[in-house]
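Worksheet: the structure to be examined is printed underneath.
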Amino acid sequence: MPELSTHGLWVEDVALLLYYDYGGVCVEETAIHAAVLSALRVLPSIVASRCCVYCVIRQSEYVTMTCCDAAGRIVDVIFTGTLSAGQHEFAVSTANLADGVYFLMLDTPQIHETAKFIIAR
């Protein structure tokens with residue numbers, strides 16, 4: 001058997017990806033975390049004045065959703081309170097924010113997720 005060498009290792013919030021090279025054949029292994037508690041996304045990801053934030057909460061819990069600039073400063077608090085299990089949608093106005101990269105952070109006692117979006121006018 002040819003010598004096994006790892007081509008790359010990526011660790012994400014919910015996935016561990018390993019790439020192996022067996023001399024002409026590459027194998028990808030993926031390990032998915034079994035208890036994904038939430039999903040977070042911002043649409044569109046390139047924003048002019050408004051965007052929508054979608055999150056899926058698997059169980060009722062206290063949620064804090066904040067918007068931070070690229071330096072990590074909190075520029076807006078989108079939501080603070082208890083959300084029931086299910087999908088939730090929030091409309092976010094970016095009219096008072098300067099162009100640039102921003103991060104939306106969803107924090108609960110169980111999870112901490114981040115979604116990036118860009119303001120470009």
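A note on labels: chains of the structure tokens are A, B, ... as shown, every chain counts residues from 1, and ligands are counted from 1 in their shown order.
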Where in segment 50-116 of chain A does DSSP assign strand (DSSP E), given as a PyMOL selection string?
-> chain A and resi 50-57+61-69+74-83+86-93+100-107+112-116
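Interatomic distance, atom CA of Thr64 of chain A against atom CA of Leu43 of chain A: 19.0 Å.
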Ile74 of chain A surroundings by only C-alpha atoms, 10 Å radius, close-in-sequence under 3 positions cut, as a list in words = Thr66, Cys67, Cys68, Asp69, Ala70, Ala71, Val77, Tyr102, Phe103, Leu104 and Met105 of chain A
Output the selection as a compact mmCIF listing (two decimals), in the first residue's frame - N, CA and C atoms for each residue.
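Output file again_7.txt follows:
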# COMPACT_ATOMS: atom_id res chain seq x y z
N THR A 66 -26.47 39.76 17.79
CA THR A 66 -25.82 41.05 17.66
C THR A 66 -25.11 41.17 16.32
N CYS A 67 -24.87 42.39 15.90
CA CYS A 67 -24.13 42.68 14.68
C CYS A 67 -22.83 43.37 15.10
N CYS A 68 -21.71 42.85 14.61
CA CYS A 68 -20.40 43.40 14.94
C CYS A 68 -19.68 43.83 13.66
N ASP A 69 -18.84 44.87 13.78
CA ASP A 69 -18.02 45.25 12.64
C ASP A 69 -16.78 44.36 12.57
N ALA A 70 -15.92 44.61 11.60
CA ALA A 70 -14.74 43.76 11.39
C ALA A 70 -13.76 43.83 12.55
N ALA A 71 -13.84 44.88 13.36
CA ALA A 71 -12.96 45.00 14.52
C ALA A 71 -13.54 44.32 15.76
N VAL A 77 -27.80 45.61 18.22
CA VAL A 77 -28.38 44.43 18.87
C VAL A 77 -29.67 44.13 18.10
N TYR A 102 -19.24 42.86 8.02
CA TYR A 102 -19.90 42.75 9.32
C TYR A 102 -20.18 41.28 9.64
N PHE A 103 -20.35 41.01 10.92
CA PHE A 103 -20.63 39.66 11.38
C PHE A 103 -21.87 39.68 12.25
N LEU A 104 -22.78 38.79 11.95
CA LEU A 104 -23.96 38.62 12.76
C LEU A 104 -23.70 37.45 13.70
N MET A 105 -23.85 37.65 14.99
CA MET A 105 -23.55 36.61 15.96
C MET A 105 -24.81 36.19 16.69
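Nearest residue to Arg50 of chain A, choosing from A:Ala85, A:Val101, A:Ala95, A:Met65 and counting only C-alpha atoms: A:Ala95.
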Do a neighbour search on Tyr54 of chain A at 9 Å with only C-alpha atoms, toss out local chain neighbours closer than 5 positions, and write the hits as a list in words.
->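 The residues that qualify are Ala39, Leu40, Arg41, Val42, Leu43, Gln87, His88, Glu89 and Phe90 of chain A.
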Find the distance between atom CA of Ser93 of chain A and atom CA of Cys51 of chain A and write it in Å to one decimal.
-> 6.7 Å
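Considering only C-alpha atoms, the residue among A:Gly86, A:Arg73, A:Asp99, A:Cys55 positioned nearest to Ile111 of chain A is A:Cys55.
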